[in-house]
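Have a look at entry.pdb; it's PDB, C-alpha atoms:
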ATOM      1  CA  MET A   1     164.081 350.585  97.697
ATOM      2  CA  THR A   2     163.910 351.690  94.071
ATOM      3  CA  ALA A   3     160.907 353.957  93.522
ATOM      4  CA  GLN A   4     161.195 355.509  90.081
ATOM      5  CA  THR A   5     159.294 352.882  88.079
ATOM      6  CA  ILE A   6     156.886 351.607  90.725
ATOM      7  CA  THR A   7     153.231 352.560  90.280
ATOM      8  CA  ALA A   8     150.190 352.261  92.501
ATOM      9  CA  ALA A   9     149.224 349.066  90.670
ATOM     10  CA  ALA A  10     151.897 347.252  92.713
ATOM     11  CA  SER A  11     149.695 347.628  95.800
ATOM     12  CA  GLY A  12     146.855 345.540  94.375
ATOM     13  CA  THR A  13     143.222 346.574  94.055
ATOM     14  CA  TRP A  14     140.035 346.765  96.090
ATOM     15  CA  THR A  15     136.459 347.530  95.081
ATOM     16  CA  LEU A  16     134.448 350.270  96.753
ATOM     17  CA  GLY A  17     130.943 349.260  95.749
ATOM     18  CA  ASP A  18     131.314 349.118  91.975
ATOM     19  CA  LEU A  19     134.472 351.264  91.862
ATOM     20  CA  THR A  20     137.815 349.461  91.526
ATOM     21  CA  ILE A  21     140.808 351.325  92.924
ATOM     22  CA  ASN A  22     144.473 350.683  93.616
ATOM     23  CA  ARG A  23     145.089 350.159  97.332
ATOM     24  CA  ILE A  24     147.639 352.983  97.465
ATOM     25  CA  GLY A  25     145.786 356.260  97.184
ATOM     26  CA  PHE A  26     146.508 359.889  98.014
ATOM     27  CA  GLY A  27     145.327 362.012 100.922
ATOM     28  CA  ALA A  28     144.889 365.697 100.098
ATOM     29  CA  MET A  29     145.031 367.124 103.640
ATOM     30  CA  ARG A  30     148.722 368.093 103.437
ATOM     31  CA  LEU A  31     148.432 369.564  99.942
ATOM     32  CA  THR A  32     147.241 373.077 100.767
ATOM     33  CA  GLN A  33     149.919 374.309 103.168
ATOM     34  CA  ASP A  34     153.520 373.963 104.263
ATOM     35  CA  GLY A  35     153.757 372.659 107.796
ATOM     36  CA  GLU A  36     150.821 371.871 110.067
ATOM     37  CA  ALA A  37     147.570 371.101 108.302
ATOM     38  CA  LEU A  38     144.189 372.559 109.247
ATOM     39  CA  ALA A  39     145.721 375.527 111.079
ATOM     40  CA  ALA A  40     143.992 378.858 110.577
ATOM     41  CA  ASP A  41     147.333 380.644 110.091
ATOM     42  CA  ALA A  42     148.936 377.969 107.896
ATOM     43  CA  VAL A  43     151.404 379.065 105.241
ATOM     44  CA  PRO A  44     149.823 378.362 101.825
ATOM     45  CA  SER A  45     151.594 375.823  99.644
ATOM     46  CA  ASP A  46     153.043 376.645  96.261
ATOM     47  CA  ARG A  47     150.119 376.318  93.862
ATOM     48  CA  ASP A  48     152.074 374.994  90.890
ATOM     49  CA  ARG A  49     153.868 372.429  93.037
ATOM     50  CA  ALA A  50     150.572 371.194  94.520
ATOM     51  CA  ILE A  51     149.022 370.845  91.075
ATOM     52  CA  GLY A  52     152.136 369.026  89.898
ATOM     53  CA  VAL A  53     151.933 366.570  92.813
ATOM     54  CA  LEU A  54     148.329 365.708  91.935
ATOM     55  CA  ARG A  55     149.114 365.172  88.274
ATOM     56  CA  ARG A  56     152.160 363.086  89.146
ATOM     57  CA  ALA A  57     150.044 360.961  91.476
ATOM     58  CA  VAL A  58     147.677 360.103  88.644
ATOM     59  CA  ASP A  59     150.642 359.419  86.342
ATOM     60  CA  LEU A  60     151.853 356.932  88.972
ATOM     61  CA  GLY A  61     148.543 355.081  88.862
ATOM     62  CA  VAL A  62     146.853 356.618  91.887
ATOM     63  CA  ASN A  63     143.118 356.478  91.221
ATOM     64  CA  HIS A  64     141.779 357.114  94.726
ATOM     65  CA  ILE A  65     142.059 360.611  96.219
ATOM     66  CA  ASP A  66     140.754 361.452  99.676
ATOM     67  CA  THR A  67     139.734 365.064 100.263
ATOM     68  CA  ALA A  68     137.285 367.357 102.061
ATOM     69  CA  ALA A  69     135.917 370.867 101.684
ATOM     70  CA  PHE A  70     137.493 371.731 105.061
ATOM     71  CA  TYR A  71     140.978 370.916 103.738
ATOM     72  CA  PHE A  72     142.132 374.445 103.022
ATOM     73  CA  SER A  73     144.661 377.058 104.003
ATOM     74  CA  PRO A  74     144.698 380.771 103.227
ATOM     75  CA  LEU A  75     144.565 380.979  99.393
ATOM     76  CA  ARG A  76     144.484 377.190  98.840
ATOM     77  CA  SER A  77     141.616 374.670  98.735
ATOM     78  CA  ALA A  78     142.310 370.957  98.260
ATOM     79  CA  ASN A  79     139.123 370.495  96.252
ATOM     80  CA  GLU A  80     139.899 373.468  94.019
ATOM     81  CA  LEU A  81     143.444 372.193  93.441
ATOM     82  CA  ILE A  82     142.096 368.753  92.517
ATOM     83  CA  ASN A  83     139.619 370.335  90.109
ATOM     84  CA  ARG A  84     142.282 372.532  88.519
ATOM     85  CA  ALA A  85     144.841 369.739  88.228
ATOM     86  CA  LEU A  86     142.717 366.820  87.103
ATOM     87  CA  ALA A  87     139.460 367.954  85.453
ATOM     88  CA  PRO A  88     138.176 366.628  83.161
ATOM     89  CA  TYR A  89     138.642 363.686  85.476
ATOM     90  CA  PRO A  90     139.962 360.300  84.307
ATOM     91  CA  ASP A  91     137.191 357.718  84.079
ATOM     92  CA  ASP A  92     138.805 355.491  86.715
ATOM     93  CA  LEU A  93     139.513 358.235  89.270
ATOM     94  CA  VAL A  94     137.585 357.875  92.535
ATOM     95  CA  ILE A  95     137.361 360.975  94.724
ATOM     96  CA  THR A  96     136.321 360.348  98.315
ATOM     97  CA  THR A  97     135.280 363.260 100.483
ATOM     98  CA  LYS A  98     133.853 363.671 103.953
ATOM     99  CA  VAL A  99     131.186 365.744 105.649
ATOM    100  CA  GLY A 100     130.370 366.595 109.233
ATOM    101  CA  PRO A 101     133.260 368.859 110.282
ATOM    102  CA  GLY A 102     133.382 372.404 108.991
ATOM    103  CA  ARG A 103     135.573 375.501 109.186
ATOM    104  CA  ASP A 104     134.606 379.134 108.787
ATOM    105  CA  PRO A 105     136.235 381.284 106.074
ATOM    106  CA  ALA A 106     138.972 382.328 108.507
ATOM    107  CA  GLY A 107     139.897 378.678 109.001
ATOM    108  CA  HIS A 108     138.511 378.237 112.514
ATOM    109  CA  TRP A 109     136.529 375.099 113.353
ATOM    110  CA  ALA A 110     132.767 375.413 113.305
ATOM    111  CA  PRO A 111     130.211 373.108 114.966
ATOM    112  CA  HIS A 112     129.696 369.798 113.161
ATOM    113  CA  ALA A 113     126.896 369.608 110.620
ATOM    114  CA  ILE A 114     124.126 367.558 112.201
ATOM    115  CA  THR A 115     120.892 368.428 110.403
ATOM    116  CA  PRO A 116     119.897 367.133 106.959
ATOM    117  CA  ALA A 117     120.019 370.692 105.596
ATOM    118  CA  GLN A 118     123.529 371.287 106.933
ATOM    119  CA  LEU A 119     124.806 367.986 105.552
ATOM    120  CA  ARG A 120     123.231 368.641 102.167
ATOM    121  CA  GLY A 121     124.912 372.045 102.148
ATOM    122  CA  GLN A 122     128.307 370.418 102.716
ATOM    123  CA  VAL A 123     127.664 367.857  99.986
ATOM    124  CA  GLU A 124     126.695 370.616  97.569
ATOM    125  CA  GLU A 125     129.807 372.616  98.496
ATOM    126  CA  ASN A 126     132.001 369.619  97.659
ATOM    127  CA  LEU A 127     130.170 369.192  94.358
ATOM    128  CA  ARG A 128     130.709 372.853  93.499
ATOM    129  CA  GLN A 129     134.388 372.904  94.429
ATOM    130  CA  LEU A 130     135.168 369.668  92.600
ATOM    131  CA  GLY A 131     133.053 370.525  89.570
ATOM    132  CA  ARG A 132     131.098 367.278  89.769
ATOM    133  CA  ASP A 133     127.442 366.377  89.391
ATOM    134  CA  HIS A 134     127.830 363.580  91.945
ATOM    135  CA  LEU A 135     130.355 362.501  94.570
ATOM    136  CA  ASP A 136     131.918 359.043  94.272
ATOM    137  CA  VAL A 137     132.163 358.323  98.004
ATOM    138  CA  VAL A 138     131.101 360.473 100.955
ATOM    139  CA  ASN A 139     132.212 359.614 104.488
ATOM    140  CA  LEU A 140     130.188 360.818 107.433
ATOM    141  CA  ARG A 141     132.801 361.850 110.002
ATOM    142  CA  ILE A 142     131.538 362.026 113.533
ATOM    143  CA  LEU A 143     132.615 362.748 117.092
ATOM    144  CA  GLY A 144     131.488 360.687 120.048
ATOM    145  CA  THR A 145     129.345 357.612 120.510
ATOM    146  CA  ASP A 146     125.853 359.000 119.929
ATOM    147  CA  SER A 147     123.492 357.562 117.348
ATOM    148  CA  ILE A 148     124.388 358.433 113.766
ATOM    149  CA  ALA A 149     121.071 357.254 112.307
ATOM    150  CA  GLU A 150     119.607 360.658 111.507
ATOM    151  CA  ARG A 151     122.806 362.017 109.949
ATOM    152  CA  PHE A 152     123.591 358.876 107.970
ATOM    153  CA  GLY A 153     119.960 358.648 106.896
ATOM    154  CA  ALA A 154     120.186 362.166 105.465
ATOM    155  CA  LEU A 155     123.178 361.121 103.354
ATOM    156  CA  ALA A 156     121.364 357.952 102.292
ATOM    157  CA  GLU A 157     118.583 360.157 100.945
ATOM    158  CA  LEU A 158     121.125 362.168  98.944
ATOM    159  CA  ARG A 159     122.471 358.868  97.614
ATOM    160  CA  GLU A 160     118.980 357.930  96.483
ATOM    161  CA  ALA A 161     118.698 361.348  94.835
ATOM    162  CA  GLY A 162     121.870 360.682  92.810
ATOM    163  CA  LEU A 163     124.156 363.230  94.464
ATOM    164  CA  ILE A 164     126.269 360.503  96.094
ATOM    165  CA  ARG A 165     127.310 357.148  94.646
ATOM    166  CA  HIS A 166     128.588 355.354  97.766
ATOM    167  CA  LEU A 167     128.677 356.018 101.501
ATOM    168  CA  GLY A 168     131.282 355.524 104.204
ATOM    169  CA  VAL A 169     131.782 356.439 107.845
ATOM    170  CA  SER A 170     134.729 357.912 109.720
ATOM    171  CA  ASN A 171     135.969 358.063 113.319
ATOM    172  CA  ILE A 172     133.370 355.532 114.407
ATOM    173  CA  HIS A 173     132.789 352.579 116.715
ATOM    174  CA  PRO A 174     131.622 349.112 115.574
ATOM    175  CA  ASN A 175     128.077 349.651 116.833
ATOM    176  CA  GLN A 176     127.833 352.819 114.739
ATOM    177  CA  LEU A 177     128.919 350.909 111.646
ATOM    178  CA  ALA A 178     126.141 348.394 112.289
ATOM    179  CA  GLU A 179     123.687 351.256 112.760
ATOM    180  CA  ALA A 180     124.700 352.768 109.414
ATOM    181  CA  GLN A 181     124.579 349.426 107.587
ATOM    182  CA  ALA A 182     120.984 348.988 108.680
ATOM    183  CA  ILE A 183     120.161 352.174 106.753
ATOM    184  CA  ALA A 184     122.261 351.908 103.579
ATOM    185  CA  PRO A 185     125.335 350.034 102.285
ATOM    186  CA  VAL A 186     128.678 351.172 103.718
ATOM    187  CA  VAL A 187     131.741 350.745 101.480
ATOM    188  CA  CYS A 188     134.468 352.043 103.805
ATOM    189  CA  VAL A 189     135.462 352.948 107.336
ATOM    190  CA  GLN A 190     138.061 355.665 107.999
ATOM    191  CA  ASN A 191     139.595 355.496 111.481
ATOM    192  CA  GLN A 192     142.972 356.380 112.937
ATOM    193  CA  TYR A 193     145.263 353.333 112.836
ATOM    194  CA  GLY A 194     148.886 352.378 112.287
ATOM    195  CA  ILE A 195     151.915 350.763 113.892
ATOM    196  CA  GLY A 196     151.549 351.527 117.581
ATOM    197  CA  ILE A 197     148.509 353.702 116.908
ATOM    198  CA  ARG A 198     145.096 352.582 118.126
ATOM    199  CA  ALA A 199     146.001 348.924 118.543
ATOM    200  CA  ASP A 200     142.509 348.559 120.019
ATOM    201  CA  GLN A 201     141.272 348.802 116.426
ATOM    202  CA  ASP A 202     142.815 345.457 115.385
ATOM    203  CA  GLU A 203     139.615 343.460 115.845
ATOM    204  CA  PHE A 204     137.532 346.135 114.130
ATOM    205  CA  VAL A 205     139.922 346.083 111.156
ATOM    206  CA  ARG A 206     139.434 342.313 110.857
ATOM    207  CA  ALA A 207     135.666 342.610 111.246
ATOM    208  CA  CYS A 208     135.467 345.150 108.429
ATOM    209  CA  GLY A 209     137.309 342.724 106.154
ATOM    210  CA  GLU A 210     134.899 339.926 107.025
ATOM    211  CA  GLN A 211     132.032 342.208 106.022
ATOM    212  CA  GLY A 212     133.672 343.308 102.763
ATOM    213  CA  VAL A 213     134.070 346.880 104.028
ATOM    214  CA  ALA A 214     137.287 348.720 103.204
ATOM    215  CA  PHE A 215     139.268 349.996 106.184
ATOM    216  CA  VAL A 216     141.110 353.235 105.387
ATOM    217  CA  PRO A 217     143.475 354.343 108.179
ATOM    218  CA  PHE A 218     144.336 357.999 108.610
ATOM    219  CA  TYR A 219     147.541 359.273 110.240
ATOM    220  CA  ALA A 220     149.143 355.883 109.528
ATOM    221  CA  ILE A 221     152.498 357.649 109.000
ATOM    222  CA  ALA A 222     152.060 360.740 111.176
ATOM    223  CA  GLY A 223     150.859 358.784 114.202
ATOM    224  CA  ALA A 224     150.551 360.938 117.278
ATOM    225  CA  GLY A 225     151.762 363.903 115.216
ATOM    226  CA  ARG A 226     148.398 363.889 113.442
ATOM    227  CA  GLN A 227     148.010 367.005 111.266
ATOM    228  CA  VAL A 228     151.487 368.229 112.227
ATOM    229  CA  GLY A 229     153.007 365.201 110.492
ATOM    230  CA  ALA A 230     155.518 362.625 111.662
ATOM    231  CA  VAL A 231     157.440 363.967 114.651
ATOM    232  CA  GLY A 232     159.794 362.638 117.296
ATOM    233  CA  THR A 233     161.944 359.520 117.389
ATOM    234  CA  GLU A 234     160.926 356.565 115.248
ATOM    235  CA  GLU A 235     160.404 353.134 116.811
ATOM    236  CA  PRO A 236     163.634 351.091 116.649
ATOM    237  CA  GLU A 237     161.798 348.099 115.190
ATOM    238  CA  VAL A 238     160.513 350.233 112.315
ATOM    239  CA  LEU A 239     164.037 351.493 111.641
ATOM    240  CA  GLU A 240     165.418 347.944 111.685
ATOM    241  CA  VAL A 241     162.909 346.744 109.095
ATOM    242  CA  ALA A 242     163.562 349.860 107.021
ATOM    243  CA  ARG A 243     167.298 349.117 106.966
ATOM    244  CA  THR A 244     166.646 345.514 105.948
ATOM    245  CA  HIS A 245     164.651 346.630 102.901
ATOM    246  CA  ASP A 246     166.647 349.782 102.103
ATOM    247  CA  ALA A 247     163.437 351.696 102.682
ATOM    248  CA  SER A 248     162.328 354.670 104.759
ATOM    249  CA  ALA A 249     160.403 354.408 108.007
ATOM    250  CA  ALA A 250     157.413 356.001 106.296
ATOM    251  CA  GLN A 251     157.496 353.334 103.577
ATOM    252  CA  VAL A 252     157.570 350.592 106.197
ATOM    253  CA  ARG A 253     154.535 352.122 107.912
ATOM    254  CA  VAL A 254     152.613 352.263 104.624
ATOM    255  CA  ALA A 255     153.595 348.683 103.770
ATOM    256  CA  TRP A 256     152.553 347.458 107.240
ATOM    257  CA  THR A 257     149.180 349.131 106.733
ATOM    258  CA  LEU A 258     148.611 347.257 103.477
ATOM    259  CA  HIS A 259     149.674 343.959 105.069
ATOM    260  CA  GLN A 260     146.790 344.131 107.563
ATOM    261  CA  GLY A 261     144.373 342.737 104.993
ATOM    262  CA  PRO A 262     143.413 343.004 101.320
ATOM    263  CA  HIS A 263     140.594 345.356 102.305
ATOM    264  CA  VAL A 264     142.942 347.843 104.018
ATOM    265  CA  LEU A 265     143.756 350.875 101.888
ATOM    266  CA  ALA A 266     146.476 353.501 102.332
ATOM    267  CA  ILE A 267     146.036 357.215 101.665
ATOM    268  CA  PRO A 268     149.389 358.811 102.575
ATOM    269  CA  GLY A 269     149.363 362.520 101.898
ATOM    270  CA  THR A 270     152.119 364.933 100.959
ATOM    271  CA  GLY A 271     152.832 368.130  99.105
ATOM    272  CA  ASN A 272     156.352 366.937  98.284
ATOM    273  CA  PRO A 273     156.781 365.248  94.876
ATOM    274  CA  ASP A 274     159.678 363.089  96.087
ATOM    275  CA  HIS A 275     157.700 361.865  99.078
ATOM    276  CA  LEU A 276     154.809 361.074  96.739
ATOM    277  CA  VAL A 277     156.992 358.778  94.630
ATOM    278  CA  ALA A 278     158.310 357.055  97.751
ATOM    279  CA  ASN A 279     154.825 356.603  99.205
ATOM    280  CA  VAL A 280     153.527 355.004  96.017
ATOM    281  CA  ALA A 281     156.576 352.745  95.836
ATOM    282  CA  ALA A 282     155.768 351.436  99.327
ATOM    283  CA  GLY A 283     152.925 349.510  97.736
ATOM    284  CA  ALA A 284     155.533 347.140  96.301
ATOM    285  CA  LEU A 285     157.304 346.544  99.633
ATOM    286  CA  ARG A 286     156.638 342.972 100.733
ATOM    287  CA  LEU A 287     157.224 342.419 104.419
ATOM    288  CA  THR A 288     158.208 338.975 105.668
ATOM    289  CA  ALA A 289     156.634 337.122 108.549
ATOM    290  CA  ALA A 290     159.710 338.028 110.596
ATOM    291  CA  ASP A 291     159.273 341.700 109.691
ATOM    292  CA  LEU A 292     155.626 341.639 110.724
ATOM    293  CA  ALA A 293     156.446 339.917 114.006
ATOM    294  CA  LEU A 294     159.065 342.540 114.773
ATOM    295  CA  LEU A 295     156.733 345.406 113.883
ATOM    296  CA  GLY A 296     154.079 343.831 116.058
ATOM    297  CA  GLU A 297     156.145 344.691 119.126
ATOM    298  CA  PRO A 298     155.665 348.498 119.018
ATOM    299  CA  HIS A 299     152.086 347.944 117.928
ATOM    300  CA  ARG A 300     151.344 345.781 120.966
ATOM    301  CA  ARG A 301     153.022 348.313 123.243
ATOM    302  CA  ALA A 302     150.226 350.713 122.352
ATOM    303  CA  GLU A 303     147.553 348.386 123.742
TER     304      GLU A 303
END
Please render this file's structure as structure tokens.
Amino acid sequence: MTAQTITAAASGTWTLGDLTINRIGFGAMRLTQDGEALAADAVPSDRDRAIGVLRRAVDLGVNHIDTAAFYFSPLRSANELINRALAPYPDDLVITTKVGPGRDPAGHWAPHAITPAQLRGQVEENLRQLGRDHLDVVNLRILGTDSIAERFGALAELREAGLIRHLGVSNIHPNQLAEAQAIAPVVCVQNQYGIGIRADQDEFVRACGEQGVAFVPFYAIAGAGRQVGAVGTEEPEVLEVARTHDASAAQVRVAWTLHQGPHVLAIPGTGNPDHLVANVAAGALRLTAADLALLGEPHRRAE
């Protein structure tokens, strides 16, 4: 499919609280290194290329960037790159970040932040790195099925204090979303989801839409490759639909994501400027009912 003149506006819009964004956004996880993300020994990306990708994304109408303070490689920080490339920030740019996980300066994973003081420290670190006086959206990312009330309540207090505008949750179960909503409004859920990836999430995706909560899948292209990126042989059904539309498999996966509901957002990430253009163009790819039925086959196989 032709990509050169397609902007993120082709994907339509959604509103996070009072913030209107295009449904195609940009994930910053892959921006700081070449190869596997979040590895302590990752090879740093080219700084000028990374800054160029961010600026090109905004030129293409991307106004939703997903990041985190723990997105870094030796010599590169996603938040610092965003600050350097885009500050002073456009008025319509929404930067979403997440707290909970943490990495030490050497890049090794640290225990999750669980106390109010630890979570406030992570919020303040994101503010410092991004050069902001408040964060547009902060997702509480968790592990496990335990209560999130204390942690989410701590972020709700920071929202009341003006450090955070809107709150979201990540890697959660439906009961945890309900628990959070009883404390403060939730504008988005970030969970792993895609063609053939976590098909058990289908009902949760629909339920979020019914509640007016955005669903923001991660690893929608990478799938089981996760932070390594897309690996292995692509599903034949995905390749067939790609051939029909003269598109790439990655574009079909992004388009399928957006077809799951008007509240479903896409945040494909890349450090490659050509891949960026192709990812944004996927927002204009309209899949037919026959396409969706065919793509449903590998998705159902994951059940």
For this session: Using CA of Ile95 in chain A and CA of Thr67 in chain A as the two end points, give the distance in Å to one decimal.
Result: 7.3 Å
Exercise. Which of these residues is nearest to Ala40 in chain A, using all atoms listed in the file: A:Ala106, A:Cys188, A:Ala255, A:Val94?
Worked result: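 Nearest to Ala40 in chain A: A:Ala106.
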Seminar exercise, completed: Of A:Arg132, A:His166, A:Arg120, A:His112, the one sitting nearest Gly144 in chain A when using all atoms listed in the file is A:His112
Exercise. If you count only C-alpha atoms, which residues fall within 7 Å of His263 in chain A, apart from same-chain ones fewer than 3 positions away, as a list in words?
Worked result: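 Near neighbours after the sequence-gap exclusion: Trp14, Gly209, Val213, Ala214 and Phe215 of chain A.
Of the listed residues (A:Arg84, A:Arg128, A:Lys98, A:Arg151), A:Arg151 comes nearest to Pro116 in chain A; the distances count only C-alpha atoms.
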Seminar exercise, completed: What separates CA of Met29 in chain A and CA of Asp291 in chain A is a distance of 29.8 Å
Problem set entry | Ground truth for the PyMOL selection byres ((chain A and resi 251) around 8), written as a PyMOL selection string | chain A and resi 242+247-250+252-255+278-279+281-282+285
Exercise. Quick one: which residues end up in the PyMOL selection byres ((chain A and resi 60) around 10) for this structure, as a ChimeraX atom specification?
Worked result: /A:4-9,54-59,61-63,276-277,280-281
Exercise. Between A:Cys208, A:Ala37, A:Ile148, A:Ala110, which one has atoms that come closest to Gln176 in chain A, using only C-alpha atoms?
Worked result: A:Ile148
Problem set entry | Contacts of range 23-28 of chain A within 6 Å, only C-alpha atoms, excl. fewer than 4 positions in-chain, as an MDAnalysis selection string | chainID A and resid 8 11:13 62 64:67 265:269
Problem set entry | Answer key for the PyMOL selection byres ((chain A and resi 139) around 10), residues as a VMD selection string | chain A and resid 66 68 96 to 100 137 to 138 140 to 142 152 155 166 to 171 186 to 190
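Interatomic distance, CA of Ile82 in chain A against CA of Gly212 in chain A: 28.7 Å.
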For this session: Pick out the closest residue to Leu19 in chain A from this set: A:Leu119, A:Arg165, A:Phe72, A:Ala154. Count all atoms listed in the file.
Result: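 Closest candidate: A:Arg165.
Among the candidates A:Ala50, A:Leu75, A:Leu292, A:Val205, the residue lying nearest to Pro105 in chain A is A:Leu75 (atoms considered: all atoms listed in the file).
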Exercise. Which residues, written as a list in words, have at least one atom at most 9 Å from Thr145 in chain A, with only C-alpha atoms counted and residues fewer than 5 positions away on the same chain left out?
Worked result: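 So, after excluding close chain neighbours, the residues are Ile172, His173, Asn175 and Gln176 of chain A.
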For this session: Give me the residues within 10 Å of Leu294 in chain A as a list in words, counting all atoms listed in the file and dropping any in the same chain fewer than 5 places off.
Result: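 So the residues in contact are Pro236, Glu237, Val238, Glu240, Val241, Thr288, Ala289 and His299 of chain A.
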Test item: axis-aligned box, all listed atoms of range 190-208 of chain A, 8 Å on each side, centre and edges in Å rounded to one decimal, as JSON:
{"center_x": 143.7, "center_y": 349.3, "center_z": 114.0, "size_x": 32.4, "size_y": 30.1, "size_z": 28.0}
What lies within 8 Å of Thr257 in chain A using all atoms listed in the file, ignoring chain neighbours under 5 positions off, as an mmCIF file with C-alpha atoms, keeping the file's coordinate frame?
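What landed in out-v5.cif:
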data_model
loop_
_atom_site.group_PDB
_atom_site.id
_atom_site.type_symbol
_atom_site.label_atom_id
_atom_site.label_comp_id
_atom_site.auth_asym_id
_atom_site.auth_seq_id
_atom_site.Cartn_x
_atom_site.Cartn_y
_atom_site.Cartn_z
ATOM 1 C CA GLY A 194 148.886 352.378 112.287
ATOM 2 C CA ILE A 195 151.915 350.763 113.892
ATOM 3 C CA PRO A 217 143.475 354.343 108.179
ATOM 4 C CA ALA A 220 149.143 355.883 109.528
ATOM 5 C CA VAL A 264 142.942 347.843 104.018
ATOM 6 C CA LEU A 265 143.756 350.875 101.888
ATOM 7 C CA ALA A 266 146.476 353.501 102.332
#
